[in-house]
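run.csv, holding CSV, C-alpha atoms and all ligand atoms:
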```csv
chain,number,residue,atom,x,y,z
U,875,MET,CA,-21.8,-11.2,-9.3
U,876,ILE,CA,-18.8,-11.4,-11.5
U,877,GLN,CA,-18.2,-14.1,-14.1
U,878,THR,CA,-15.9,-14.8,-17.0
U,879,GLU,CA,-17.1,-16.1,-20.4
U,880,ASN,CA,-14.5,-17.9,-22.5
U,881,LEU,CA,-12.0,-15.5,-21.1
U,882,THR,CA,-8.6,-15.7,-22.8
U,883,PHE,CA,-5.5,-13.7,-22.0
U,884,TYR,CA,-1.8,-13.7,-22.9
U,885,TYR,CA,1.0,-11.1,-22.7
U,886,ASN,CA,2.7,-12.8,-25.6
U,887,GLU,CA,0.6,-14.8,-28.0
U,888,SER,CA,2.9,-17.8,-27.9
U,889,LYS,CA,2.1,-18.3,-24.2
U,890,LYS,CA,-1.5,-18.3,-23.2
U,891,ILE,CA,-2.1,-17.4,-19.5
U,892,LEU,CA,-5.8,-18.0,-19.5
U,893,GLU,CA,-7.7,-19.9,-22.2
U,894,ASP,CA,-11.5,-20.1,-22.5
U,895,VAL,CA,-12.0,-19.7,-18.7
U,896,ASN,CA,-15.6,-19.8,-17.5
U,897,ILE,CA,-15.8,-19.2,-13.9
U,898,SER,CA,-18.3,-17.3,-11.7
U,899,PHE,CA,-17.9,-15.6,-8.3
U,900,GLU,CA,-20.9,-14.8,-6.2
U,901,LYS,CA,-21.4,-12.2,-3.4
U,902,GLY,CA,-21.3,-13.4,0.1
U,903,ASN,CA,-18.6,-15.9,-0.6
U,904,LEU,CA,-14.9,-16.1,0.1
U,905,TYR,CA,-13.0,-17.8,-2.8
U,906,ALA,CA,-9.4,-19.1,-2.6
U,907,ILE,CA,-7.3,-19.4,-5.8
U,908,LEU,CA,-4.3,-21.7,-5.5
U,909,GLY,CA,-1.7,-22.3,-8.2
U,910,ALA,CA,2.0,-22.4,-8.8
U,911,SER,CA,4.0,-19.2,-8.9
U,912,GLY,CA,3.9,-17.6,-12.3
U,913,CYS,CA,0.9,-19.5,-13.6
U,914,GLY,CA,-1.3,-16.3,-13.8
U,915,LYS,CA,-3.2,-15.8,-10.6
U,916,SER,CA,-2.3,-12.1,-10.3
U,917,THR,CA,-3.2,-11.7,-14.0
U,918,MET,CA,-6.6,-13.2,-13.3
U,919,LEU,CA,-7.2,-10.7,-10.5
U,920,SER,CA,-6.0,-7.8,-12.7
U,921,LEU,CA,-8.5,-8.9,-15.4
U,922,LEU,CA,-11.4,-9.2,-12.9
U,923,GLY,CA,-10.4,-5.8,-11.4
U,924,GLY,CA,-10.3,-4.1,-14.8
U,925,LEU,CA,-6.6,-3.4,-14.8
U,926,LEU,CA,-6.1,-5.5,-17.9
U,927,MET,CA,-8.3,-6.0,-21.0
U,928,PRO,CA,-9.3,-9.6,-22.1
U,929,LYS,CA,-7.8,-10.7,-25.4
U,930,SER,CA,-11.0,-12.5,-26.1
U,931,GLY,CA,-14.1,-13.5,-24.2
U,932,LYS,CA,-15.8,-11.4,-21.6
U,933,ILE,CA,-16.0,-10.5,-18.0
U,934,LEU,CA,-19.5,-9.7,-16.8
U,935,TYR,CA,-20.4,-7.8,-13.6
U,936,GLU,CA,-24.0,-8.4,-12.7
U,937,GLY,CA,-24.5,-9.5,-16.3
U,938,GLU,CA,-22.9,-6.5,-17.9
U,939,ASP,CA,-19.7,-6.6,-19.9
U,940,ILE,CA,-17.1,-4.6,-17.9
U,941,THR,CA,-15.4,-3.5,-21.1
U,942,ALA,CA,-18.6,-2.0,-22.3
U,943,TYR,CA,-19.2,-0.5,-18.9
U,944,GLY,CA,-15.7,0.9,-19.0
U,945,LEU,CA,-12.7,-0.7,-17.1
U,946,ASP,CA,-11.9,2.5,-15.2
U,947,ARG,CA,-15.5,2.9,-14.1
U,948,HIS,CA,-15.7,-0.8,-13.2
U,949,ARG,CA,-12.6,-0.4,-11.0
U,950,GLN,CA,-13.9,2.8,-9.4
U,951,ASP,CA,-17.4,1.5,-8.8
U,952,HIS,CA,-16.9,-2.1,-8.0
U,953,VAL,CA,-13.4,-3.2,-6.9
U,954,ALA,CA,-11.1,-2.9,-4.0
U,955,PHE,CA,-7.6,-4.4,-4.2
U,956,ILE,CA,-5.4,-5.8,-1.4
U,957,PHE,CA,-1.8,-6.4,-2.4
U,958,GLN,CA,0.8,-8.5,-0.8
U,959,GLY,CA,3.1,-5.5,-0.6
U,960,TYR,CA,0.3,-3.5,1.2
U,961,ASN,CA,0.6,-0.5,-1.2
U,962,LEU,CA,0.3,1.9,1.7
U,963,ILE,CA,1.3,5.6,1.4
U,964,GLU,CA,4.4,5.6,3.5
U,965,TYR,CA,4.4,9.2,4.6
U,966,MET,CA,0.9,9.0,5.9
U,967,THR,CA,-0.6,7.8,9.2
U,968,VAL,CA,-2.8,4.7,9.6
U,969,GLU,CA,-5.9,6.8,9.7
U,970,GLU,CA,-4.9,8.9,6.7
U,971,ASN,CA,-4.2,5.8,4.6
U,972,VAL,CA,-7.7,4.4,5.3
U,973,ALA,CA,-9.4,7.7,4.8
U,974,LEU,CA,-7.9,8.0,1.2
U,975,THR,CA,-10.7,6.1,-0.5
U,976,ALA,CA,-13.2,5.9,2.4
U,977,LYS,CA,-16.9,5.9,2.0
U,978,GLN,CA,-17.3,5.0,5.6
U,979,PRO,CA,-15.5,6.7,8.5
U,980,PRO,CA,-12.0,5.2,8.8
U,981,GLU,CA,-12.6,4.4,12.5
U,982,THR,CA,-15.2,1.9,11.6
U,983,ALA,CA,-13.0,0.0,9.2
U,984,LEU,CA,-10.0,0.1,11.6
U,985,GLN,CA,-12.1,-1.3,14.4
U,986,LYS,CA,-13.3,-4.1,12.1
U,987,VAL,CA,-9.7,-5.2,11.4
U,988,GLY,CA,-8.9,-5.0,15.1
U,989,LEU,CA,-6.2,-2.4,14.9
U,990,GLU,CA,-5.6,-0.8,18.3
U,991,LYS,CA,-6.6,2.8,18.6
U,992,GLU,CA,-3.2,3.9,19.8
U,993,LEU,CA,-1.8,3.0,16.4
U,994,TRP,CA,-4.2,5.0,14.3
U,995,LYS,CA,-2.1,8.2,14.4
U,996,HIS,CA,1.2,6.4,13.8
U,997,ASN,CA,3.1,6.5,10.5
U,998,VAL,CA,2.4,3.2,8.7
U,999,LEU,CA,6.1,2.4,8.5
U,1000,LYS,CA,6.2,2.1,12.3
U,1001,LEU,CA,3.8,-0.9,12.1
U,1002,SER,CA,4.6,-4.6,11.8
U,1003,GLY,CA,3.8,-6.5,8.6
U,1004,GLY,CA,0.6,-8.0,10.0
U,1005,GLN,CA,-0.5,-4.5,11.2
U,1006,GLN,CA,0.2,-2.9,7.8
U,1007,GLN,CA,-1.8,-5.6,6.1
U,1008,ARG,CA,-4.7,-4.8,8.4
U,1009,VAL,CA,-4.4,-1.2,7.4
U,1010,ALA,CA,-4.5,-2.2,3.7
U,1011,ILE,CA,-7.6,-4.3,4.4
U,1012,ALA,CA,-9.3,-1.5,6.4
U,1013,ARG,CA,-8.7,0.8,3.5
U,1014,ALA,CA,-10.3,-1.8,1.1
U,1015,LEU,CA,-13.3,-2.3,3.5
U,1016,ALA,CA,-13.8,1.4,4.0
U,1017,SER,CA,-14.1,2.0,0.3
U,1018,ASP,CA,-17.3,0.0,0.4
U,1019,LYS,CA,-16.8,-1.8,-2.9
U,1020,PRO,CA,-18.7,-5.0,-3.6
U,1021,ILE,CA,-15.7,-7.0,-4.9
U,1022,LEU,CA,-12.5,-7.4,-2.9
U,1023,LEU,CA,-9.5,-8.8,-4.7
U,1024,ALA,CA,-6.7,-9.9,-2.4
U,1025,ASP,CA,-3.4,-11.0,-3.9
U,1026,GLU,CA,-1.5,-13.2,-1.5
U,1027,PRO,CA,-2.7,-11.0,1.4
U,1028,THR,CA,-1.0,-13.2,4.0
U,1029,GLY,CA,2.1,-13.9,2.1
U,1030,ASN,CA,4.5,-12.0,4.4
U,1031,LEU,CA,2.8,-12.9,7.6
U,1032,ASP,CA,3.3,-15.4,10.4
U,1033,GLU,CA,0.6,-18.1,10.9
U,1034,ASP,CA,-1.4,-16.2,13.6
U,1035,SER,CA,-1.5,-13.0,11.7
U,1036,ALA,CA,-2.4,-14.9,8.5
U,1037,GLN,CA,-5.3,-16.5,10.3
U,1038,ALA,CA,-6.5,-13.2,11.6
U,1039,ILE,CA,-6.4,-11.7,8.1
U,1040,LEU,CA,-8.4,-14.7,6.8
U,1041,ASN,CA,-11.0,-14.2,9.5
U,1042,ILE,CA,-11.4,-10.6,8.5
U,1043,LEU,CA,-11.8,-11.4,4.8
U,1044,SER,CA,-14.2,-14.2,5.6
U,1045,LYS,CA,-16.3,-11.9,7.8
U,1046,SER,CA,-16.4,-9.2,5.1
U,1047,ALA,CA,-17.8,-11.8,2.7
U,1048,HIS,CA,-20.3,-13.5,5.0
U,1049,ASP,CA,-21.5,-10.6,7.2
U,1050,GLU,CA,-21.2,-7.7,4.6
U,1051,GLY,CA,-22.1,-9.7,1.5
U,1052,ARG,CA,-19.0,-8.9,-0.4
U,1053,CYS,CA,-17.5,-11.1,-3.1
U,1054,VAL,CA,-14.0,-11.8,-1.8
U,1055,ILE,CA,-11.4,-13.5,-4.1
U,1056,MET,CA,-8.1,-14.3,-2.5
U,1057,VAL,CA,-5.0,-15.7,-4.1
U,1058,THR,CA,-3.0,-17.7,-1.6
U,1059,HIS,CA,-0.2,-20.3,-1.3
U,1060,SER,CA,-1.5,-21.7,1.9
U,1061,MET,CA,-3.6,-24.8,1.7
U,1062,ALA,CA,-4.7,-24.5,5.3
U,1063,LEU,CA,-6.1,-21.0,4.7
U,1064,ALA,CA,-7.6,-22.0,1.3
U,1065,ALA,CA,-9.4,-24.8,3.1
U,1066,GLU,CA,-11.4,-22.2,5.1
U,1067,ALA,CA,-12.7,-20.5,2.0
U,1068,ASP,CA,-16.2,-21.3,0.7
U,1069,GLU,CA,-14.9,-22.4,-2.6
U,1070,ILE,CA,-11.4,-23.3,-3.7
U,1071,TYR,CA,-10.1,-23.0,-7.3
U,1072,ARG,CA,-6.9,-24.5,-8.3
U,1073,TYR,CA,-5.3,-22.9,-11.3
U,1074,THR,CA,-3.1,-24.9,-13.7
U,1075,ASN,CA,-2.4,-24.8,-17.4
U,1076,THR,CA,-4.6,-21.9,-18.3
U,1077,LYS,CA,-7.6,-23.5,-16.6
U,1078,PHE,CA,-9.4,-23.4,-13.2
U,1079,GLN,CA,-10.6,-26.5,-11.4
U,1080,GLN,CA,-12.9,-26.4,-8.5
U,1081,GLY,CA,-12.1,-28.1,-5.2
U,1082,ASP,CA,-9.4,-30.2,-6.8
U,1083,PHE,CA,-6.0,-30.2,-5.2
U,1084,GLY,CA,-4.6,-33.4,-6.6
U,1085,PRO,CA,-3.0,-36.1,-4.5
U,1086,ALA,CA,0.4,-34.6,-4.3
U,1087,LEU,CA,-0.8,-31.5,-2.5
U,1088,LEU,CA,-3.1,-33.4,-0.1
U,1089,THR,CA,-0.2,-35.4,1.2
U,1090,ASN,CA,1.5,-32.2,2.3
U,1091,THR,CA,-1.3,-31.1,4.5
U,1092,GLU,CA,-2.3,-34.0,6.8
U,1093,ASN,CA,-4.7,-32.1,8.9
U,1094,LEU,CA,-6.5,-30.5,6.0
U,1095,LEU,CA,-9.0,-33.4,5.8
U,1096,GLU,CA,-9.9,-32.9,9.4
U,1097,ASN,CA,-11.1,-29.4,8.6
U,1098,PRO,CA,-14.9,-29.4,8.5
U,1099,ALA,CA,-15.0,-26.8,5.8
U,1100,VAL,CA,-13.2,-29.3,3.6
U,1101,GLN,CA,-15.2,-32.4,4.6
U,1102,GLU,CA,-18.3,-30.7,3.4
U,1103,ARG,CA,-17.1,-30.4,-0.1
U,1104,GLU,CA,-18.7,-33.0,-2.4
U,1105,SER,CA,-16.2,-32.8,-5.1
U,1106,TRP,CA,-13.6,-34.7,-3.1
U,1201,LIG,N1,3.3,-7.3,-17.7
U,1201,LIG,C1,3.7,-8.5,-18.1
U,1201,LIG,N2,4.3,-8.7,-19.3
U,1201,LIG,C2,4.7,-9.9,-19.7
U,1201,LIG,N3,4.6,-11.0,-19.0
U,1201,LIG,C3,4.1,-10.9,-17.8
U,1201,LIG,C4,3.6,-9.6,-17.2
U,1201,LIG,N4,3.1,-9.9,-16.0
U,1201,LIG,C5,3.2,-11.2,-15.8
U,1201,LIG,N5,3.8,-11.8,-16.8
U,1201,LIG,C6,4.1,-13.2,-16.9
U,1201,LIG,O1,2.8,-13.9,-17.0
U,1201,LIG,C7,2.9,-15.1,-16.2
U,1201,LIG,C8,1.8,-15.0,-15.1
U,1201,LIG,O2,2.1,-14.0,-14.2
U,1201,LIG,P1,1.3,-13.8,-12.8
U,1201,LIG,O3,-0.1,-13.5,-13.2
U,1201,LIG,O4,2.0,-12.6,-12.1
U,1201,LIG,O5,1.5,-15.1,-12.1
U,1201,LIG,P2,1.2,-15.5,-10.5
U,1201,LIG,O6,0.5,-14.4,-9.9
U,1201,LIG,O7,0.4,-16.8,-10.6
U,1201,LIG,O8,2.5,-15.8,-9.9
U,1201,LIG,C9,4.3,-15.2,-15.6
U,1201,LIG,O9,5.0,-16.0,-16.5
U,1201,LIG,C10,4.8,-13.8,-15.7
U,1201,LIG,O10,6.2,-13.7,-15.9
U,1202,MG,MG,1.1,-13.2,-8.3
```

When written as structure tokens, how does the structure in this file appear?
Amino acid sequence: MIQTENLTFYYNESKKILEDVNISFEKGNLYAILGASGCGKSTMLSLLGGLLMPKSGKILYEGEDITAYGLDRHRQDHVAFIFQGYNLIEYMTVEENVALTAKQPPETALQKVGLEKELWKHNVLKLSGGQQQRVAIARALASDKPILLADEPTGNLDEDSAQAILNILSKSAHDEGRCVIMVTHSMALAAEADEIYRYTNTKFQQGDFGPALLTNTENLLENPAVQERESW
């Protein structure tokens, strides 16, 4: 669905963030991107979402170069973002936030993310972090875009809320056929994705966490989603 061809990007030429990256993301899958803070994960999402222009190489959406298609159009037609800070409009209610970009009725999306009806008319600031993140996801789902880019969507949340968010993202990939790309710090959550990419030194590696990371997560190897991976 969306792929990069020799994608290279830097803010300052002396420090490459991405170099000759060739990676492809398909619809119906949930992808996890892991990597140290500051390595360029958010930059990668911004490039895929048409917020930044590649320095060289290409990003193709269904085979078409998104720069030729127009980055603004690409963003409008194909991409929904979910940010760690939620990016909700603070003076609006839950329902109004979701309705902003909605192609579907906001109620449908709010039900999908399991947000209780009694909260729908509340100002978003009255909600907990986990609830606000659900509103942000409902807004992304309601916009009906084929690609969902989620930048540390569970970063501020407790374990249970994080798991709930992951389940929603996973469902939207598997049941609705979206291409969902999630940046996360959590190995446990990443292990539930269909594919994991670890990002280091301007490159992506598939399913490779390195021994140091594995020792931190004893129960990771017991996860069936991980056992199925051949690249281990
Ligand atoms: N607008 C910008 N201008 C210059 N440098 C930036 C800009 N945004 C990010 N960076 C730098 O690029 C690197 C990658 O940033 P980022 O993609 O945000 O990393 P991550 O999301 O993996 O933490 C960092 O060193 C960061 O300081
Ligand atoms: Mg980031």

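Between atom CA of U:Phe955 and atom CA of U:Leu1022 lies a distance of 5.9 Å.
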
- Message: Set the distance at 6 Å and use all atoms listed in the file: which residues neighbour U:His952 once local chain neighbours fewer than 3 positions away are removed? I'd like the list as an MDAnalysis selection string.
- Response: chainID U and resid 948:949 1019:1021

- Message: Which residues are close to stretch 924-934 of chain U, i.e. within 10 Å by all atoms listed in the file, leaving aside same-chain residues fewer than 3 positions away? Reply as a ChimeraX atom specification.
- Response: /U:875-885,887,892-898,917-921,937-950,952-953

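Each residue with an atom within 7 Å of any atom of ligand LIG 1201 (chain U) appears in the list, which was built counting all atoms listed in the file: U:Tyr885, U:Asn886, U:Ile891, U:Gly909, U:Ala910, U:Ser911, U:Gly912, U:Cys913, U:Gly914, U:Lys915, U:Ser916, U:Thr917, U:Met918.
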
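If you look at atom CA of U:Glu1026 and atom CA of U:Ser888, they are 27.2 Å away from each other.
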
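Using all atoms listed in the file for every distance, the candidate list U:Gly988, U:Gly1004, U:Gly1081, U:Gly959 yields U:Gly1081 as the residue closest to U:Ala1067.
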